[in-house]
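**Student:** So here's upload_31.cif (mmCIF, C-alpha atoms).
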```cif
data_final
#
loop_
_atom_site.label_atom_id
_atom_site.label_comp_id
_atom_site.auth_asym_id
_atom_site.auth_seq_id
_atom_site.Cartn_x
_atom_site.Cartn_y
_atom_site.Cartn_z
CA MET A 1 0.00 0.00 0.00
CA ILE A 2 2.82 2.42 0.84
CA SER A 3 4.34 1.83 -2.62
CA ARG A 4 1.19 3.48 -4.01
CA VAL A 5 2.25 6.70 -2.26
CA PHE A 6 5.54 6.70 -4.12
CA ASP A 7 3.90 5.82 -7.46
CA PHE A 8 1.57 8.76 -6.94
CA MET A 9 4.50 11.06 -6.17
CA LYS A 10 6.26 10.07 -9.40
CA LYS A 11 3.13 10.86 -11.43
CA SER A 12 2.51 14.24 -9.72
CA LYS A 13 2.28 17.21 -12.04
CA SER A 14 4.82 19.98 -11.63
CA SER A 15 2.10 22.63 -11.53
CA ILE A 16 0.20 22.59 -8.25
CA GLN A 17 -3.32 23.95 -7.78
CA LEU A 18 -4.15 25.91 -4.62
CA ASN A 19 -7.68 27.30 -4.28
CA ASN A 20 -8.10 27.20 -8.10
CA THR A 21 -4.89 29.20 -8.54
CA SER A 22 -1.74 27.72 -9.99
CA PHE A 23 1.08 27.66 -7.45
CA LEU A 24 3.25 29.31 -10.08
CA ASP A 25 0.94 32.35 -9.93
CA LEU A 26 1.81 32.67 -6.24
CA LEU A 27 5.54 32.89 -6.86
CA PRO A 28 7.23 36.28 -7.11
CA SER A 29 7.10 37.63 -10.68
CA SER A 30 10.89 37.34 -10.95
CA SER A 31 10.60 33.57 -10.71
CA SER A 32 9.67 31.99 -14.02
CA THR A 33 10.76 28.43 -13.29
CA LYS A 34 8.45 25.71 -12.06
CA PRO A 35 9.25 24.06 -8.72
CA LYS A 36 11.50 21.11 -9.48
CA THR A 37 10.30 18.88 -6.72
CA LEU A 38 7.40 18.33 -4.38
CA HIS A 39 8.13 17.67 -0.74
CA ASP A 40 6.09 15.03 0.98
CA VAL A 41 6.47 16.64 4.41
CA PHE A 42 7.33 20.13 5.63
CA ILE A 43 8.87 20.16 9.12
CA ASN A 44 8.02 23.40 10.94
CA HIS A 45 10.06 23.82 14.13
CA ARG A 46 12.03 26.21 16.34
CA GLY A 47 15.66 25.49 15.49
CA SER A 48 17.17 26.50 18.83
CA ASP A 49 14.87 24.05 20.65
CA THR A 50 14.60 21.11 18.28
CA LYS A 51 17.10 21.16 15.41
CA ARG A 52 19.63 18.99 17.25
CA ASN A 53 17.09 16.43 18.39
CA ILE A 54 13.55 15.73 17.18
CA ALA A 55 13.55 17.77 13.95
CA THR A 56 16.71 16.21 12.52
CA LEU A 57 15.80 12.71 13.75
CA LEU A 58 12.38 13.01 12.14
CA TYR A 59 13.93 14.24 8.88
CA ASP A 60 16.39 11.32 8.86
CA ASN A 61 13.66 8.78 9.66
CA LEU A 62 11.41 10.06 6.85
CA ASN A 63 14.33 10.18 4.43
CA ALA A 64 15.17 6.55 5.30
CA ARG A 65 11.57 5.65 4.32
CA ASN A 66 12.17 7.14 0.85
CA LEU A 67 9.97 10.15 1.57
CA ARG A 68 10.98 13.69 0.68
CA PRO A 69 10.91 15.78 3.86
CA PHE A 70 11.79 19.46 3.96
CA LEU A 71 13.90 20.75 6.84
CA ASP A 72 15.47 24.17 6.39
CA SER A 73 18.96 23.17 7.58
CA LYS A 74 18.98 20.14 5.26
CA ASN A 75 17.31 21.52 2.13
CA MET A 76 18.44 25.13 1.91
CA LYS A 77 21.76 26.32 0.56
CA PRO A 78 23.72 29.56 1.05
CA GLY A 79 22.22 32.20 -1.20
CA ASP A 80 18.65 30.84 -1.09
CA LYS A 81 16.03 33.52 -0.46
CA LEU A 82 14.64 32.57 2.93
CA PHE A 83 10.95 33.43 2.60
CA ASP A 84 10.70 32.44 -1.07
CA HIS A 85 12.28 29.05 -0.44
CA ILE A 86 10.31 28.31 2.74
CA ASN A 87 6.99 29.47 1.27
CA ARG A 88 7.53 27.37 -1.86
CA ALA A 89 8.40 24.33 0.26
CA ILE A 90 5.23 24.73 2.33
CA LEU A 91 2.99 25.17 -0.70
CA THR A 92 4.50 22.17 -2.50
CA SER A 93 4.35 19.81 0.49
CA LYS A 94 1.56 17.29 0.97
CA VAL A 95 1.51 17.38 4.78
CA ALA A 96 3.17 19.38 7.52
CA VAL A 97 4.56 18.52 10.92
CA THR A 98 4.62 21.34 13.44
CA VAL A 99 6.98 20.76 16.35
CA PHE A 100 5.86 23.11 19.10
CA SER A 101 8.47 23.76 21.79
CA PRO A 102 9.02 26.25 24.64
CA ASN A 103 10.52 29.00 22.41
CA TYR A 104 8.41 28.33 19.30
CA CYS A 105 6.02 31.25 19.83
CA ASP A 106 8.93 33.72 20.19
CA SER A 107 9.80 33.23 16.52
CA TYR A 108 8.28 35.30 13.73
CA PHE A 109 9.50 32.70 11.21
CA CYS A 110 7.84 29.78 13.01
CA LEU A 111 4.55 31.62 13.29
CA HIS A 112 4.66 32.80 9.67
CA GLU A 113 5.26 29.22 8.51
CA LEU A 114 2.45 27.90 10.71
CA ALA A 115 0.01 30.52 9.39
CA LEU A 116 0.87 29.69 5.78
CA ILE A 117 0.49 25.96 6.50
CA MET A 118 -2.96 26.53 7.99
CA GLU A 119 -4.04 28.97 5.27
CA SER A 120 -3.08 26.48 2.58
CA LYS A 121 -5.18 23.83 4.37
CA LYS A 122 -2.40 21.27 4.74
CA ARG A 123 -2.91 18.13 6.76
CA VAL A 124 -1.03 18.99 9.95
CA ILE A 125 0.48 16.67 12.55
CA PRO A 126 1.34 18.70 15.66
CA ILE A 127 4.03 17.47 18.04
CA PHE A 128 4.01 19.19 21.43
CA PHE A 129 7.65 18.93 22.54
CA ASP A 130 8.09 19.92 26.19
CA ILE A 131 5.03 22.19 25.98
CA ASN A 132 1.26 21.82 26.42
CA PRO A 133 -1.15 23.11 23.78
CA SER A 134 -2.69 25.47 26.35
CA GLN A 135 0.70 27.24 26.70
CA LEU A 136 0.82 28.30 23.05
CA ASP A 137 0.35 32.02 22.48
CA VAL A 138 2.01 34.66 20.33
CA MET A 139 5.00 35.93 22.30
CA ILE A 140 6.58 38.29 19.77
CA GLU A 141 6.30 42.01 20.44
CA LYS A 142 3.83 44.19 18.58
CA VAL A 143 6.83 46.29 17.53
CA THR A 144 7.99 43.33 15.42
CA CYS A 145 4.75 42.82 13.50
CA SER A 146 1.37 44.39 12.85
CA ASP A 147 -1.88 43.71 14.69
CA ASN A 148 -3.13 41.87 11.59
CA GLU A 149 -0.12 39.54 11.68
CA ILE A 150 -0.58 38.86 15.39
CA GLN A 151 -4.24 38.06 14.77
CA ARG A 152 -3.24 35.76 11.88
CA PHE A 153 -0.69 33.99 14.10
CA ARG A 154 -3.20 33.57 16.95
CA TRP A 155 -5.71 32.07 14.53
CA ALA A 156 -3.08 29.60 13.24
CA LEU A 157 -2.09 28.62 16.79
CA GLN A 158 -5.75 28.02 17.66
CA GLU A 159 -6.14 25.80 14.59
CA ALA A 160 -3.12 23.80 15.76
CA LYS A 161 -4.47 23.54 19.32
CA ASP A 162 -7.71 22.16 17.87
CA THR A 163 -5.82 19.39 16.03
CA VAL A 164 -5.02 16.08 17.70
CA GLY A 165 -1.26 15.77 18.05
CA LEU A 166 1.54 13.87 19.71
CA THR A 167 3.06 14.96 23.01
CA PHE A 168 6.59 14.44 24.21
CA ASP A 169 8.18 15.19 27.56
CA SER A 170 11.97 15.00 27.29
CA CYS A 171 12.27 14.20 31.01
CA LYS A 172 10.13 11.07 30.70
CA GLY A 173 9.74 10.10 27.04
CA ASN A 174 11.65 8.05 24.51
CA LEU A 175 12.66 10.33 21.62
CA SER A 176 13.19 7.45 19.20
CA GLU A 177 9.68 6.18 19.93
CA VAL A 178 7.94 9.52 19.25
CA VAL A 179 9.93 9.96 16.01
CA THR A 180 8.85 6.49 14.83
CA ILE A 181 5.21 7.12 15.77
CA ALA A 182 5.23 10.51 14.02
CA SER A 183 6.76 8.96 10.89
CA ASP A 184 4.10 6.22 10.88
CA VAL A 185 1.34 8.83 11.17
CA ILE A 186 2.85 10.84 8.30
CA VAL A 187 2.88 7.77 6.05
CA GLU A 188 -0.77 7.07 6.96
CA ARG A 189 -1.73 10.64 6.06
CA LEU A 190 0.10 10.44 2.73
CA VAL A 191 -1.68 7.19 1.88
CA GLU A 192 -5.03 8.82 2.76
CA LEU A 193 -4.25 11.80 0.52
CA GLU A 194 -3.28 9.49 -2.32
CA ALA A 195 -6.55 7.57 -1.96
CA LYS A 196 -8.51 10.85 -2.06
CA ASP A 197 -6.69 11.93 -5.21
CA GLU A 198 -7.47 8.60 -6.86
CA ASP A 199 -11.18 9.08 -6.10
CA VAL A 200 -11.28 12.49 -7.77
#
```
Spell out the structure here as structure tokens.
**Tutor:**
Amino acid sequence: MISRVFDFMKKSKSSIQLNNTSFLDLLPSSSSTKPKTLHDVFINHRGSDTKRNIATLLYDNLNARNLRPFLDSKNMKPGDKLFDHINRAILTSKVAVTVFSPNYCDSYFCLHELALIMESKKRVIPIFFDINPSQLDVMIEKVTCSDNEIQRFRWALQEAKDTVGLTFDSCKGNLSEVVTIASDVIVERLVELEAKDEDV
């Protein structure tokens, strides 16, 4: 059954539709090339909290399963335009994993990514890493962003809180186990999406 996911990925068209608009129409006008590759999974995380543990382990586990995960430190190269590259990766991913951690809500980048994930109606698998969903709130200063952005970020956080996720307490839990469970869930979601596409 999982091989069907990979067959589907090979047959995917390079032009993606989002709300009846071609993804290429969403790219900056200076970009005339089509995205070369679709990512199966976008990993949204706070680097200072999770890059050296769960985010990289999850990336490696998914990669070992022949999936195409996106993790900024693994997929981006010097000279890449940060927002363009990240936004394109989000919009061309099938599902997203959001790894919430104690310093996640302090980051404009994390919250921007989360909002774009939710706005593009991705299937999201939240992982609450050393934090409870009730603790999530926008912590960046109003000086940093507008009231509209803060409202957008709060909406995205609420959407995430309302989604069933995985929890992990680093004082008690087994990191390898949560990475394996998360990877299994991601594969299930990809298979479900493939089945939906076949029905259309």
**Student:** Could you tell me, as an MDAnalysis selection string, exactly which residues end up selected when the PyMOL selection byres ((chain A and resi 161-169) around 8) is applied to this structure?
**Tutor:** chainID A and resid 124:134 157:160 170:173 175 178 182
**Student:** Smallest atom-to-atom distance to Leu38 in chain A: which of A:Leu62, A:Ser93, A:Asp199, A:Pro69, using only C-alpha atoms?
**Tutor:**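 Of A:Leu62, A:Ser93, A:Asp199, A:Pro69, the one nearest Leu38 in chain A is A:Ser93, counting only C-alpha atoms.
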**Student:** Take the PyMOL selection byres ((chain A and resi 118) around 12), run it mentally on this structure, and tell me the resulting residues as a PyMOL selection string.
**Tutor:** chain A and resi 44+90-91+95-98+111-117+119-126+152-163
**Student:** How many Å separate CA of Phe109 in chain A from CA of Asp137 in chain A?
**Tutor:** 14.5 Å
**Student:** So what do you get for CA of Thr56 in chain A versus CA of Glu194 in chain A, distance-wise?
**Tutor:** 25.8 Å
**Student:** For CA of Met139 in chain A and CA of Ile43 in chain A, quote the distance in Å rounded to one decimal.
**Tutor:**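 Interatomic distance, CA of Met139 in chain A to CA of Ile43 in chain A: 20.9 Å.
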**Student:** Considering only C-alpha atoms, can you say which of A:Leu193, A:Gln135, A:Val187, A:Val179 comes closest to Tyr59 in chain A?
**Tutor:**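 Using only C-alpha atoms, the shortest distance to Tyr59 in chain A belongs to A:Val179.
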**Student:** Go through A:Asn61, A:Asn148, A:Ser101, A:Asn87 and flag the residue nearest His45 in chain A, using all atoms listed in the file for the distances.
**Tutor:** A:Ser101
**Student:** My list of candidates is A:Lys94, A:Glu198, A:Val99, A:Met76. Which is closest to Asp49 in chain A when distances are computed with all atoms listed in the file?
**Tutor:**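 Closest candidate: A:Val99.
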**Student:** Please rebuild range 157-168 of chain A with all heavy atoms and return the result as a compact mmCIF listing (two decimals), keeping the file's coordinate frame.
**Tutor:**
```txt
# COMPACT_ATOMS: atom_id res chain seq x y z
N LEU A 157 -2.36 29.37 15.56
CA LEU A 157 -2.09 28.62 16.79
C LEU A 157 -3.36 27.94 17.30
O LEU A 157 -3.32 26.79 17.75
CB LEU A 157 -1.52 29.53 17.87
CG LEU A 157 -0.05 29.93 17.71
CD1 LEU A 157 0.32 31.03 18.69
CD2 LEU A 157 0.86 28.71 17.90
N GLN A 158 -4.49 28.62 17.22
CA GLN A 158 -5.75 28.02 17.66
C GLN A 158 -6.11 26.82 16.80
O GLN A 158 -6.57 25.79 17.29
CB GLN A 158 -6.88 29.04 17.65
CG GLN A 158 -8.16 28.53 18.32
CD GLN A 158 -7.94 28.12 19.78
OE1 GLN A 158 -7.42 28.90 20.58
NE2 GLN A 158 -8.31 26.90 20.12
N GLU A 159 -5.90 26.94 15.50
CA GLU A 159 -6.14 25.80 14.59
C GLU A 159 -5.27 24.61 14.99
O GLU A 159 -5.74 23.47 14.99
CB GLU A 159 -5.83 26.20 13.14
CG GLU A 159 -6.80 27.18 12.53
CD GLU A 159 -8.17 26.57 12.30
OE1 GLU A 159 -8.26 25.53 11.62
OE2 GLU A 159 -9.16 27.15 12.78
N ALA A 160 -4.03 24.88 15.34
CA ALA A 160 -3.12 23.80 15.76
C ALA A 160 -3.56 23.18 17.09
O ALA A 160 -3.54 21.96 17.26
CB ALA A 160 -1.69 24.33 15.87
N LYS A 161 -3.99 24.04 18.02
CA LYS A 161 -4.47 23.54 19.32
C LYS A 161 -5.68 22.64 19.15
O LYS A 161 -5.90 21.73 19.94
CB LYS A 161 -4.85 24.70 20.23
CG LYS A 161 -3.70 25.52 20.76
CD LYS A 161 -4.27 26.63 21.64
CE LYS A 161 -3.26 27.66 22.02
NZ LYS A 161 -3.82 28.70 22.89
N ASP A 162 -6.49 22.92 18.11
CA ASP A 162 -7.71 22.16 17.87
C ASP A 162 -7.46 20.89 17.06
O ASP A 162 -8.40 20.22 16.65
CB ASP A 162 -8.74 23.03 17.14
CG ASP A 162 -9.26 24.17 18.01
OD1 ASP A 162 -9.11 24.09 19.25
OD2 ASP A 162 -9.80 25.14 17.45
N THR A 163 -6.19 20.57 16.80
CA THR A 163 -5.82 19.39 16.03
C THR A 163 -5.17 18.37 16.96
O THR A 163 -4.28 18.72 17.74
CB THR A 163 -4.84 19.78 14.90
OG1 THR A 163 -5.43 20.81 14.10
CG2 THR A 163 -4.51 18.58 14.02
N VAL A 164 -5.61 17.14 16.86
CA VAL A 164 -5.02 16.08 17.70
C VAL A 164 -3.55 15.92 17.31
O VAL A 164 -3.22 15.83 16.12
CB VAL A 164 -5.77 14.75 17.52
CG1 VAL A 164 -5.09 13.64 18.30
CG2 VAL A 164 -7.22 14.90 17.94
N GLY A 165 -2.69 15.89 18.32
CA GLY A 165 -1.26 15.77 18.05
C GLY A 165 -0.59 14.77 18.96
O GLY A 165 -1.24 14.07 19.74
N LEU A 166 0.71 14.72 18.86
CA LEU A 166 1.54 13.87 19.71
C LEU A 166 2.19 14.75 20.77
O LEU A 166 2.51 15.91 20.51
CB LEU A 166 2.63 13.18 18.88
CG LEU A 166 2.17 12.35 17.69
CD1 LEU A 166 3.34 11.95 16.82
CD2 LEU A 166 1.43 11.11 18.19
N THR A 167 2.37 14.20 21.96
CA THR A 167 3.06 14.96 23.01
C THR A 167 4.33 14.23 23.40
O THR A 167 4.41 13.00 23.34
CB THR A 167 2.16 15.13 24.26
OG1 THR A 167 1.76 13.85 24.72
CG2 THR A 167 0.94 15.96 23.92
N PHE A 168 5.32 15.02 23.79
CA PHE A 168 6.59 14.44 24.21
C PHE A 168 7.17 15.26 25.34
O PHE A 168 7.27 16.49 25.25
CB PHE A 168 7.59 14.40 23.04
CG PHE A 168 8.91 13.82 23.43
CD1 PHE A 168 9.06 12.45 23.58
CD2 PHE A 168 10.00 14.64 23.68
CE1 PHE A 168 10.28 11.91 23.96
CE2 PHE A 168 11.21 14.11 24.06
CZ PHE A 168 11.35 12.74 24.20
```
